[in-house]
Amino acid sequence: MPQVEITLLNLTKEKVEQPGLKSVVGDATCMPEFEDQSFDLVFSNSVIEHVYTWENQVKMANEIQRVGKTFFIQTPNKYFPIEAHYAIPFAQYMPKSIIFPILTKTRLSRLRKWDERDAQQYLDEILLLDEKGMRNLFPGASIYKEKMFGMVKSLSAHNLG
């Protein structure tokens, strides 16, 4: 049986106890600790929309393509009617000044009131992508469209063949 090694890259160290699994502290927009093509597969699930700016999304995409021989990068679709992070219909089109009190003063988002600091953090960091954005970030990649109720819920860029 082949030896599988999995490296978790996060902003903080995660406790891991599984053999072949290691946690590394790092920044997906800049990974000088890893050589070119040092991973057989880079997998990211709903992270690239959390790096604050288009410039950081470009940096993350470039680093993924540099360190990985193959990649599979998933993100919620900007145009899906229910915003994935808040579970509020069309929240991605509303001004942040309207979303903030909805998150912090009501239970409309995930049946809970958000802590003000957490709500502001999400409002600051999330930049949703659409298919054009994913194609720009990962030129030549295939785009897989996950659908729900006939609408594209999420997009995944990959070069798996």
# chains A, B, ... in the order shown; residues from 1 in each chain; ligands from 1
$ residues_around --residues "region 150-158 of chain A" --least-positions-apart "2" --cutoff "8 Å" --atoms "only C-alpha atoms" --output "PyMOL selection string"
chain A and resi 70-77+79-80+130-131+134-135+138+141-148+160
$ select_by_dssp --residues "region 7-151 of chain A" --states "strand (DSSP E)" --output "VMD selection string"
chain A and resid 7 to 10 21 to 25 39 to 45 68 to 76 82 to 83 88 to 89 142 to 148 151
$ select_by_dssp --residues "region 54-99 of chain A" --states "helix (DSSP H, G or I)" --output "number ranges by chain"
A: 54-67, 91-93, 96-99
$ write_last_selection --atoms "N, CA, C and O atoms" --output "compact mmCIF listing (two decimals), in the first residue's frame"
# COMPACT_ATOMS: atom_id res chain seq x y z
N TRP A 54 -8.67 40.62 -4.28
CA TRP A 54 -8.38 39.93 -5.54
C TRP A 54 -6.87 39.68 -5.66
O TRP A 54 -6.44 38.62 -6.09
N GLU A 55 -6.07 40.64 -5.23
CA GLU A 55 -4.61 40.47 -5.30
C GLU A 55 -4.17 39.26 -4.49
O GLU A 55 -3.31 38.49 -4.94
N ASN A 56 -4.74 39.06 -3.31
CA ASN A 56 -4.40 37.89 -2.51
C ASN A 56 -4.93 36.61 -3.14
O ASN A 56 -4.29 35.55 -3.03
N GLN A 57 -6.08 36.67 -3.79
CA GLN A 57 -6.60 35.50 -4.50
C GLN A 57 -5.65 35.11 -5.62
O GLN A 57 -5.37 33.93 -5.83
N VAL A 58 -5.12 36.09 -6.34
CA VAL A 58 -4.14 35.83 -7.40
C VAL A 58 -2.89 35.19 -6.81
O VAL A 58 -2.38 34.19 -7.33
N LYS A 59 -2.40 35.74 -5.70
CA LYS A 59 -1.21 35.18 -5.05
C LYS A 59 -1.46 33.73 -4.62
O LYS A 59 -0.60 32.87 -4.82
N MET A 60 -2.61 33.47 -4.01
CA MET A 60 -2.91 32.11 -3.56
C MET A 60 -2.99 31.16 -4.75
O MET A 60 -2.41 30.07 -4.71
N ALA A 61 -3.67 31.57 -5.80
CA ALA A 61 -3.79 30.72 -6.99
C ALA A 61 -2.42 30.44 -7.60
O ALA A 61 -2.12 29.30 -7.99
N ASN A 62 -1.58 31.46 -7.66
CA ASN A 62 -0.23 31.26 -8.21
C ASN A 62 0.59 30.30 -7.36
O ASN A 62 1.30 29.45 -7.88
N GLU A 63 0.49 30.45 -6.05
CA GLU A 63 1.23 29.55 -5.16
C GLU A 63 0.73 28.11 -5.27
O GLU A 63 1.51 27.17 -5.27
N ILE A 64 -0.58 27.93 -5.36
CA ILE A 64 -1.15 26.59 -5.52
C ILE A 64 -0.60 25.93 -6.78
O ILE A 64 -0.17 24.78 -6.76
N GLN A 65 -0.58 26.68 -7.87
CA GLN A 65 -0.10 26.13 -9.13
C GLN A 65 1.42 25.93 -9.13
O GLN A 65 1.92 25.08 -9.85
N ARG A 66 2.13 26.69 -8.31
CA ARG A 66 3.58 26.53 -8.20
C ARG A 66 3.94 25.28 -7.38
O ARG A 66 4.77 24.49 -7.80
N VAL A 67 3.31 25.12 -6.21
CA VAL A 67 3.72 24.03 -5.32
C VAL A 67 3.05 22.70 -5.65
O VAL A 67 3.54 21.65 -5.25
N ALA A 91 -27.45 37.93 0.17
CA ALA A 91 -26.63 38.75 1.06
C ALA A 91 -25.41 39.33 0.34
O ALA A 91 -24.95 40.43 0.68
N GLN A 92 -24.89 38.60 -0.64
CA GLN A 92 -23.70 39.07 -1.36
C GLN A 92 -23.95 40.34 -2.15
O GLN A 92 -23.01 41.01 -2.57
N TYR A 93 -25.21 40.70 -2.36
CA TYR A 93 -25.54 41.91 -3.11
C TYR A 93 -25.90 43.08 -2.20
O TYR A 93 -26.09 44.19 -2.67
N LYS A 96 -22.60 46.06 3.15
CA LYS A 96 -22.13 45.51 4.42
C LYS A 96 -22.80 46.20 5.60
O LYS A 96 -23.01 45.59 6.65
N SER A 97 -23.17 47.46 5.43
CA SER A 97 -23.83 48.21 6.50
C SER A 97 -25.22 47.65 6.81
O SER A 97 -25.75 47.87 7.90
N ILE A 98 -25.79 46.92 5.88
CA ILE A 98 -27.08 46.25 6.12
C ILE A 98 -26.86 44.84 6.66
O ILE A 98 -27.56 44.39 7.56
N ILE A 99 -25.87 44.14 6.12
CA ILE A 99 -25.59 42.76 6.56
C ILE A 99 -25.12 42.72 8.01
O ILE A 99 -25.53 41.84 8.77
$ residues_around --residues "Asp115 (chain A)" --least-positions-apart "5" --cutoff "12 Å" --atoms "only C-alpha atoms" --output "number ranges by chain"
A: 100-107, 109, 120-122
$ write_last_selection --atoms "C-alpha atoms" --output "mmCIF file, in the first residue's frame"
data_model
loop_
_atom_site.group_PDB
_atom_site.id
_atom_site.type_symbol
_atom_site.label_atom_id
_atom_site.label_comp_id
_atom_site.auth_asym_id
_atom_site.auth_seq_id
_atom_site.Cartn_x
_atom_site.Cartn_y
_atom_site.Cartn_z
ATOM 1 C CA PHE A 100 -23.730 43.640 9.774
ATOM 2 C CA PRO A 101 -26.869 44.363 11.859
ATOM 3 C CA ILE A 102 -28.656 41.385 10.317
ATOM 4 C CA LEU A 103 -25.788 39.171 11.500
ATOM 5 C CA THR A 104 -25.372 40.720 14.936
ATOM 6 C CA LYS A 105 -28.912 41.725 15.931
ATOM 7 C CA THR A 106 -31.046 38.922 14.489
ATOM 8 C CA ARG A 107 -30.995 35.151 14.200
ATOM 9 C CA SER A 109 -28.056 33.857 9.751
ATOM 10 C CA GLN A 120 -16.912 42.168 10.872
ATOM 11 C CA GLN A 121 -14.078 39.704 10.220
ATOM 12 C CA TYR A 122 -16.214 37.791 7.710
#
$ closest_residue --among "A:Leu123, A:Gln37, A:Gly20, A:Val42" --to "Pro95 (chain A)" --atoms "only C-alpha atoms"
A:Leu123
$ atom_distance --atom1 "CA of Lys132 (chain A)" --atom2 "CA of Ser44 (chain A)"
18.5 Å
$ closest_residue --among "A:Pro139, A:Arg117, A:Gly133, A:Phe34" --to "Ile48 (chain A)" --atoms "only C-alpha atoms"
A:Gly133
$ atom_distance --atom1 "CA of Phe43 (chain A)" --atom2 "CA of Lys13 (chain A)"
17.9 Å
$ atom_distance --atom1 "CA of Gln3 (chain A)" --atom2 "CA of Ser38 (chain A)"
15.5 Å
$ residues_around --residues "Glu14 (chain A)" --least-positions-apart "2" --cutoff "7 Å" --atoms "only C-alpha atoms" --output "PDB file with N, CA, C and O atoms, in the first residue's frame"
ATOM      1  N   THR A  12      -2.949  28.790  11.911  1.00  0.00           N
ATOM      2  CA  THR A  12      -2.566  28.326  13.242  1.00  0.00           C
ATOM      3  C   THR A  12      -2.273  26.830  13.178  1.00  0.00           C
ATOM      4  O   THR A  12      -2.786  26.121  12.318  1.00  0.00           O
ATOM      5  N   VAL A  16      -2.922  17.293  15.431  1.00  0.00           N
ATOM      6  CA  VAL A  16      -3.147  16.126  14.577  1.00  0.00           C
ATOM      7  C   VAL A  16      -2.534  14.897  15.254  1.00  0.00           C
ATOM      8  O   VAL A  16      -1.482  14.974  15.858  1.00  0.00           O
ATOM      9  N   SER A  23       0.556  19.175  10.557  1.00  0.00           N
ATOM     10  CA  SER A  23       0.030  20.525  10.530  1.00  0.00           C
ATOM     11  C   SER A  23       1.189  21.500  10.391  1.00  0.00           C
ATOM     12  O   SER A  23       2.194  21.385  11.092  1.00  0.00           O
TER      13      SER A  23
END
$ residues_around --residues "Glu33 (chain A)" --least-positions-apart "6" --cutoff "12 Å" --atoms "only C-alpha atoms" --output "mmCIF file with N, CA and C atoms, in the first residue's frame"
data_model
loop_
_atom_site.group_PDB
_atom_site.id
_atom_site.type_symbol
_atom_site.label_atom_id
_atom_site.label_comp_id
_atom_site.auth_asym_id
_atom_site.auth_seq_id
_atom_site.Cartn_x
_atom_site.Cartn_y
_atom_site.Cartn_z
ATOM 1 N N LEU A 9 -2.146 23.088 5.831
ATOM 2 C CA LEU A 9 -1.600 24.441 5.943
ATOM 3 C C LEU A 9 -2.701 25.344 6.480
ATOM 4 N N VAL A 24 1.021 22.459 9.472
ATOM 5 C CA VAL A 24 2.038 23.467 9.216
ATOM 6 C C VAL A 24 1.380 24.836 9.310
ATOM 7 N N VAL A 25 2.040 25.763 9.978
ATOM 8 C CA VAL A 25 1.556 27.136 10.036
ATOM 9 C C VAL A 25 2.088 27.853 8.811
ATOM 10 N N GLY A 26 1.191 28.505 8.085
ATOM 11 C CA GLY A 26 1.632 29.227 6.897
ATOM 12 C C GLY A 26 0.532 30.061 6.294
ATOM 13 N N ASP A 27 0.867 30.680 5.192
ATOM 14 C CA ASP A 27 -0.017 31.588 4.481
ATOM 15 C C ASP A 27 -0.120 31.105 3.041
ATOM 16 N N GLU A 63 0.491 30.446 -6.048
ATOM 17 C CA GLU A 63 1.234 29.547 -5.157
ATOM 18 C C GLU A 63 0.726 28.113 -5.266
ATOM 19 N N VAL A 67 3.308 25.118 -6.215
ATOM 20 C CA VAL A 67 3.717 24.028 -5.320
ATOM 21 C C VAL A 67 3.053 22.696 -5.650
#
